[in-house]
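S.K.: Data file entry-v3.txt (compact mmCIF, C-alpha atoms) is appended below.
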```
# COMPACT_ATOMS: atom_id res chain seq x y z
CA MET A 1 14.87 18.05 6.03
CA GLY A 2 15.53 14.36 5.43
CA VAL A 3 15.96 11.80 8.19
CA LYS A 4 18.33 8.85 8.29
CA ILE A 5 16.65 5.58 7.31
CA PRO A 6 17.39 2.83 9.86
CA GLU A 7 19.47 -0.05 8.57
CA GLY A 8 16.64 -2.56 9.03
CA VAL A 9 14.39 -0.48 6.76
CA VAL A 10 17.17 -0.03 4.17
CA ASN A 11 17.51 -3.80 4.17
CA LEU A 12 13.77 -4.19 3.55
CA MET A 13 14.24 -1.98 0.47
CA ARG A 14 17.42 -3.74 -0.70
CA ASP A 15 15.64 -7.10 -0.58
CA ARG A 16 13.14 -7.79 -3.37
CA ASN A 17 10.08 -6.73 -1.43
CA ILE A 18 7.18 -5.05 -3.18
CA ALA A 19 6.46 -1.57 -1.76
CA PHE A 20 3.13 0.24 -1.80
CA ILE A 21 3.33 3.91 -2.67
CA ALA A 22 0.51 6.26 -1.75
CA THR A 23 -0.07 9.64 -3.39
CA ILE A 24 -2.90 12.15 -3.51
CA GLY A 25 -5.15 11.90 -6.57
CA ARG A 26 -6.47 14.80 -8.62
CA ASP A 27 -9.93 14.09 -7.22
CA GLY A 28 -8.58 14.19 -3.64
CA TYR A 29 -8.77 10.44 -3.18
CA PRO A 30 -5.71 8.66 -1.86
CA HIS A 31 -4.04 6.52 -4.53
CA VAL A 32 -1.87 3.47 -3.84
CA THR A 33 -0.07 1.01 -6.09
CA PRO A 34 2.60 -1.67 -5.77
CA VAL A 35 6.08 -0.74 -6.99
CA TRP A 36 9.61 -2.06 -7.11
CA ILE A 37 11.80 -0.13 -4.71
CA ASP A 38 15.46 0.76 -4.35
CA VAL A 39 17.70 3.01 -2.29
CA ASP A 40 20.83 4.83 -3.48
CA ASP A 41 24.08 5.63 -1.66
CA ASP A 42 22.75 9.07 -0.66
CA CYS A 43 19.80 7.47 1.12
CA HIS A 44 17.30 8.54 -1.52
CA ILE A 45 14.47 6.10 -2.00
CA LEU A 46 14.16 5.30 -5.73
CA VAL A 47 10.96 4.47 -7.57
CA ASN A 48 11.03 3.92 -11.31
CA THR A 49 7.76 4.58 -13.10
CA ALA A 50 6.50 5.89 -16.46
CA THR A 51 5.39 9.45 -17.18
CA SER A 52 1.96 8.17 -18.27
CA ARG A 53 1.16 6.67 -14.86
CA VAL A 54 -1.35 8.16 -12.45
CA LYS A 55 1.15 8.13 -9.57
CA TYR A 56 3.61 10.23 -11.60
CA MET A 57 0.95 12.79 -12.50
CA ASN A 58 -0.16 12.87 -8.86
CA LEU A 59 3.42 13.48 -7.71
CA LYS A 60 3.96 16.27 -10.23
CA ARG A 61 1.02 18.03 -8.59
CA ASP A 62 1.86 17.08 -4.99
CA PRO A 63 5.29 15.56 -4.23
CA ARG A 64 4.25 14.16 -0.83
CA VAL A 65 4.31 10.41 -0.67
CA THR A 66 3.98 7.62 1.87
CA ILE A 67 5.47 4.19 1.28
CA SER A 68 4.51 1.01 3.13
CA LEU A 69 6.43 -2.20 2.79
CA VAL A 70 6.49 -5.53 4.52
CA ASP A 71 9.08 -8.28 4.53
CA ARG A 72 8.01 -10.88 1.92
CA ASN A 73 9.06 -13.59 4.37
CA ASP A 74 7.41 -12.03 7.42
CA PRO A 75 4.55 -9.55 6.84
CA TYR A 76 4.74 -8.52 10.49
CA ASN A 77 8.17 -6.99 9.86
CA ALA A 78 7.07 -3.74 8.27
CA ALA A 79 7.96 -0.11 7.69
CA MET A 80 6.19 3.12 6.72
CA ILE A 81 8.09 6.03 5.24
CA LYS A 82 6.70 9.53 4.76
CA GLY A 83 8.67 11.61 2.32
CA ARG A 84 8.80 13.85 -0.67
CA VAL A 85 9.96 13.56 -4.27
CA VAL A 86 12.95 15.90 -4.58
CA ASP A 87 14.29 14.99 -8.00
CA GLU A 88 13.46 13.03 -11.14
CA VAL A 89 15.66 11.65 -13.90
CA LYS A 90 14.60 10.50 -17.37
CA GLY A 91 16.52 9.05 -20.30
CA ARG A 92 19.43 6.64 -20.08
CA GLU A 93 19.82 6.67 -16.28
CA ALA A 94 16.13 5.80 -15.82
CA GLU A 95 16.32 3.09 -18.51
CA GLU A 96 19.41 1.50 -16.97
CA HIS A 97 17.83 1.64 -13.54
CA ILE A 98 14.66 -0.19 -14.59
CA ASP A 99 16.85 -2.92 -16.09
CA ARG A 100 18.64 -3.26 -12.72
CA MET A 101 15.24 -3.51 -11.04
CA ALA A 102 14.23 -6.27 -13.46
CA LYS A 103 17.41 -8.09 -12.45
CA LYS A 104 16.64 -7.67 -8.77
CA TYR A 105 12.96 -8.63 -8.89
CA LEU A 106 12.74 -10.98 -11.87
CA GLY A 107 16.28 -12.20 -12.41
CA LEU A 108 16.23 -10.79 -15.96
CA ASP A 109 18.92 -8.68 -17.66
CA ARG A 110 16.38 -6.40 -19.26
CA PHE A 111 13.03 -4.98 -18.14
CA PRO A 112 10.50 -7.08 -20.08
CA PHE A 113 7.44 -4.81 -19.88
CA ARG A 114 8.57 -1.82 -21.99
CA ALA A 115 5.62 -0.34 -23.86
CA GLU A 116 5.75 1.54 -27.14
CA GLY A 117 6.15 5.28 -26.52
CA GLU A 118 6.46 4.87 -22.75
CA GLU A 119 8.98 7.17 -21.07
CA ARG A 120 10.61 5.87 -17.89
CA VAL A 121 11.24 8.27 -15.02
CA LEU A 122 13.30 7.63 -11.90
CA LEU A 123 11.88 9.40 -8.86
CA LYS A 124 14.19 10.28 -5.98
CA ILE A 125 12.47 10.52 -2.64
CA VAL A 126 13.80 11.95 0.62
CA ALA A 127 12.46 10.34 3.80
CA GLU A 128 11.00 12.77 6.31
CA LYS A 129 9.64 10.25 8.81
CA VAL A 130 10.23 6.52 9.17
CA ILE A 131 8.22 4.13 11.35
CA SER A 132 9.19 0.49 11.57
CA VAL A 133 7.44 -2.46 13.21
CA PRO A 134 8.39 -4.22 15.35
CA MET B 1 -23.05 4.12 -5.88
CA GLY B 2 -21.15 0.89 -5.33
CA VAL B 3 -19.82 -1.29 -8.13
CA LYS B 4 -19.69 -5.06 -8.28
CA ILE B 5 -16.30 -6.46 -7.32
CA PRO B 6 -15.08 -8.98 -9.92
CA GLU B 7 -14.78 -12.55 -8.66
CA GLY B 8 -11.00 -12.61 -9.14
CA VAL B 9 -10.64 -9.61 -6.83
CA VAL B 10 -13.04 -11.12 -4.26
CA ASN B 11 -10.84 -14.21 -4.32
CA LEU B 12 -7.73 -12.07 -3.66
CA MET B 13 -9.52 -10.76 -0.56
CA ARG B 14 -10.79 -14.18 0.54
CA ASP B 15 -7.25 -15.58 0.40
CA ARG B 16 -4.90 -14.52 3.19
CA ASN B 17 -3.28 -11.69 1.27
CA ILE B 18 -2.16 -8.55 3.08
CA ALA B 19 -3.87 -5.43 1.71
CA PHE B 20 -2.52 -1.88 1.79
CA ILE B 21 -5.05 0.77 2.72
CA ALA B 22 -4.44 4.40 1.84
CA THR B 23 -6.18 7.30 3.53
CA ILE B 24 -5.66 11.06 3.72
CA GLY B 25 -3.78 12.27 6.78
CA ARG B 26 -4.65 15.29 8.89
CA ASP B 27 -1.58 17.04 7.48
CA GLY B 28 -2.69 16.29 3.91
CA TYR B 29 -0.10 13.57 3.38
CA PRO B 30 -1.27 10.26 2.02
CA HIS B 31 -1.14 7.50 4.65
CA VAL B 32 -0.81 3.79 3.91
CA THR B 33 -0.56 0.73 6.11
CA PRO B 34 -0.86 -3.05 5.73
CA VAL B 35 -4.11 -4.63 6.96
CA TRP B 36 -5.93 -7.91 7.03
CA ILE B 37 -8.86 -7.84 4.64
CA ASP B 38 -12.22 -9.53 4.27
CA VAL B 39 -15.39 -9.27 2.22
CA ASP B 40 -18.95 -9.93 3.40
CA ASP B 41 -21.94 -11.40 1.59
CA ASP B 42 -23.18 -7.92 0.66
CA CYS B 43 -19.90 -7.19 -1.15
CA HIS B 44 -18.69 -4.79 1.53
CA ILE B 45 -14.95 -4.81 2.00
CA LEU B 46 -14.18 -5.27 5.70
CA VAL B 47 -11.19 -3.85 7.56
CA ASN B 48 -10.87 -4.38 11.30
CA THR B 49 -8.82 -1.77 13.13
CA ALA B 50 -8.70 -0.01 16.50
CA THR B 51 -10.16 3.39 17.28
CA SER B 52 -6.71 4.64 18.37
CA ARG B 53 -5.15 4.07 14.95
CA VAL B 54 -4.21 6.88 12.57
CA LYS B 55 -6.11 5.27 9.68
CA TYR B 56 -9.34 5.25 11.73
CA MET B 57 -8.95 8.90 12.69
CA ASN B 58 -8.20 9.74 9.05
CA LEU B 59 -11.33 7.89 7.88
CA LYS B 60 -13.54 9.63 10.45
CA ARG B 61 -12.44 12.91 8.86
CA ASP B 62 -12.50 11.71 5.23
CA PRO B 63 -14.11 8.32 4.42
CA ARG B 64 -12.42 7.99 1.00
CA VAL B 65 -10.04 5.09 0.79
CA THR B 66 -7.98 3.23 -1.78
CA ILE B 67 -6.89 -0.36 -1.24
CA SER B 68 -4.11 -2.12 -3.13
CA LEU B 69 -3.47 -5.81 -2.84
CA VAL B 70 -1.34 -8.36 -4.62
CA ASP B 71 -1.52 -12.13 -4.69
CA ARG B 72 0.98 -13.44 -2.12
CA ASN B 73 1.96 -16.16 -4.59
CA ASP B 74 2.18 -13.84 -7.61
CA PRO B 75 2.73 -10.11 -6.98
CA TYR B 76 1.90 -9.40 -10.63
CA ASN B 77 -1.69 -10.47 -9.99
CA ALA B 78 -2.98 -7.31 -8.34
CA ALA B 79 -6.00 -5.13 -7.71
CA MET B 80 -6.76 -1.56 -6.69
CA ILE B 81 -10.08 -0.60 -5.18
CA LYS B 82 -11.31 2.95 -4.64
CA GLY B 83 -14.14 3.22 -2.19
CA ARG B 84 -15.69 4.78 0.82
CA VAL B 85 -16.37 3.77 4.41
CA VAL B 86 -20.15 3.59 4.72
CA ASP B 87 -20.55 1.97 8.14
CA GLU B 88 -18.65 0.99 11.26
CA VAL B 89 -19.39 -1.56 13.96
CA LYS B 90 -17.83 -1.79 17.43
CA GLY B 91 -18.32 -4.18 20.31
CA ARG B 92 -18.96 -7.90 20.07
CA GLU B 93 -19.32 -8.07 16.26
CA ALA B 94 -15.95 -6.33 15.80
CA GLU B 95 -14.31 -8.57 18.43
CA GLU B 96 -15.64 -11.74 16.87
CA HIS B 97 -14.55 -10.57 13.45
CA ILE B 98 -10.94 -9.91 14.50
CA ASP B 99 -10.84 -13.44 15.94
CA ARG B 100 -11.98 -14.80 12.57
CA MET B 101 -9.24 -12.75 10.89
CA ALA B 102 -6.66 -14.23 13.29
CA LYS B 103 -7.91 -17.67 12.23
CA LYS B 104 -7.60 -16.77 8.56
CA TYR B 105 -4.19 -15.11 8.70
CA LEU B 106 -2.49 -16.79 11.64
CA GLY B 107 -4.39 -20.03 12.15
CA LEU B 108 -5.25 -19.01 15.71
CA ASP B 109 -8.65 -19.19 17.42
CA ARG B 110 -8.22 -15.82 19.09
CA PHE B 111 -6.58 -12.54 17.99
CA PRO B 112 -3.29 -12.54 19.92
CA PHE B 113 -2.43 -8.81 19.80
CA ARG B 114 -5.23 -7.32 21.92
CA ALA B 115 -3.94 -4.30 23.83
CA GLU B 116 -5.25 -2.99 27.15
CA GLY B 117 -7.99 -0.42 26.56
CA GLU B 118 -7.97 -0.85 22.79
CA GLU B 119 -11.37 -0.72 21.11
CA ARG B 120 -11.79 -2.72 17.92
CA VAL B 121 -13.84 -1.26 15.07
CA LEU B 122 -15.01 -3.04 11.93
CA LEU B 123 -15.09 -0.73 8.92
CA LYS B 124 -17.44 -1.51 6.04
CA ILE B 125 -16.30 -0.15 2.70
CA VAL B 126 -18.24 0.12 -0.54
CA ALA B 127 -16.20 -0.19 -3.74
CA GLU B 128 -16.68 2.66 -6.20
CA LYS B 129 -14.02 1.65 -8.73
CA VAL B 130 -12.03 -1.56 -9.13
CA ILE B 131 -8.97 -2.02 -11.32
CA SER B 132 -7.35 -5.41 -11.60
CA VAL B 133 -4.09 -6.47 -13.26
CA PRO B 134 -3.70 -8.44 -15.43
```
What do you get writing this file as structure tokens?

M.R.:
Amino acid sequence: MGVKIPEGVVNLMRDRNIAFIATIGRDGYPHVTPVWIDVDDDCHILVNTATSRVKYMNLKRDPRVTISLVDRNDPYNAAMIKGRVVDEVKGREAEEHIDRMAKKYLGLDRFPFRAEGEERVLLKIVAEKVISVP
Amino acid sequence: MGVKIPEGVVNLMRDRNIAFIATIGRDGYPHVTPVWIDVDDDCHILVNTATSRVKYMNLKRDPRVTISLVDRNDPYNAAMIKGRVVDEVKGREAEEHIDRMAKKYLGLDRFPFRAEGEERVLLKIVAEKVISVP
């Protein structure tokens, strides 16, 4: 089902670019928010969120997702990825991952925005279609 | 139906930040792409696209839209706007508007990416819900 993500798009995700993840809301509206983004060695796209977030609830109902990201140094170098959440991980792996994201995006050893009672969840997304520009 | 857009969010749109506009695709997938953004004196959000684009075809079918944008100098200053396309303008007004957007975003007097046979369309969006962070 999944497609290979071109190296240029993987590099956009490895760099500390903000991605915009679109889901379908309960009311049928599209929903879109900025997220930190990562890619693992199996070419899953990784998004770390909290179980209380609207995007997580949307994806539990409908796992289809589209991600748009642009190069922070050149917004006309861009990619769009259509895909699907195929797995989710909570607990220690999700906690360690959000700390790595804080290192990547903020240069900090530990994610500084933990909220009382918030449960992190690491979403694994398979790409089904990738469009890159130029 | 529309809500007032807070001044801080208007300022995010007045500055040359890239916005990410989410629509619902024909196949039911969410769709999201980067766009130039503007706001008029009647508090419409303005997005200038071409009639051949997927987002335009999506919005003809379903006018509901969500827009996410972050401050280019501080990605943790962000806004999300849910709204609806209430009007569209083609022809000279749309052409002049895309030239103004080229001035704003690229510093050029004329939009440099015109394609043969492409018809510009200026979408006017009313905000129904605005969330800003922080």

S.K.: Please list as a list in words every residue within 10 Å of Val10 in chain A, counting all atoms listed in the file and excluding residues in the same chain fewer than 3 positions away.

M.R.: Lys4, Ile5, Pro6, Glu7, Met13, Arg14, Asp15, Asp38, Val39, Asp40, Cys43, Ile45 and Ala79 of chain A

S.K.: Within 7 Å of (9.3, 8.3, -1.8), only C-alpha atoms: residues as a PyMOL selection string?

M.R.: chain A and resi 45-46+65-67+83-85+124-127

S.K.: Counting all atoms listed in the file, write as a ChimeraX atom specification all protein and nucleic acid residues lying at most 12 Å from (-0.5, -11.8, 3.4) in the file's frame.

M.R.: /A:69-77 /B:12-20,34-38,69-75,101-102,104-106

S.K.: Please check the contacts: residues of chain B at most 7 Å away from chain A, using all atoms listed in the file, listed as a ChimeraX atom specification.

M.R.: /B:22-24,29-33,64-68

S.K.: Would you pick out the contacts of Arg53 in chain A at 12 Å or less, using only C-alpha atoms, so that residues sharing its chain but fewer than 2 positions from it are not included, and give the list as a list in words?

M.R.: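 Once the adjacent positions are removed, what remains is Thr23, Gly25, His31, Val32, Thr33, Val35, Asn48, Thr49, Ala50, Thr51, Lys55, Tyr56, Met57, Asn58, Leu59, Lys60, Glu118, Glu119, Arg120 and Val121 of chain A.
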
S.K.: Just the number, please: distance in Å from CA of Lys103 in chain A to CA of Gly8 in chain A, one decimal.

M.R.: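 Value for the CA of Lys103 in chain A-CA of Gly8 in chain A distance: 22.2 Å.
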
S.K.: What is the distance between CA of Asp99 in chain B and CA of Val86 in chain B, in Å to one decimal?

M.R.: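 Going from CA of Asp99 in chain B over to CA of Val86 in chain B covers 22.4 Å.
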
S.K.: For CA of Val130 in chain A and CA of Asp42 in chain A, quote the distance in Å rounded to one decimal.

M.R.: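 It comes out at 16.1 Å.
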
S.K.: Find the residue from A:Val9, A:Ala94, A:Ala115, A:Ile131 that sits nearest to Val47 in chain A; use only C-alpha atoms when measuring.

M.R.: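 Under the stated criterion, the closest residue is A:Ala94.
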
S.K.: Looking at all atoms listed in the file, which of B:Leu123, B:Asp109, B:Val3, B:Glu116 is the one that sits closest to Val89 in chain B?

M.R.: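 The closest residue to Val89 in chain B is B:Leu123.
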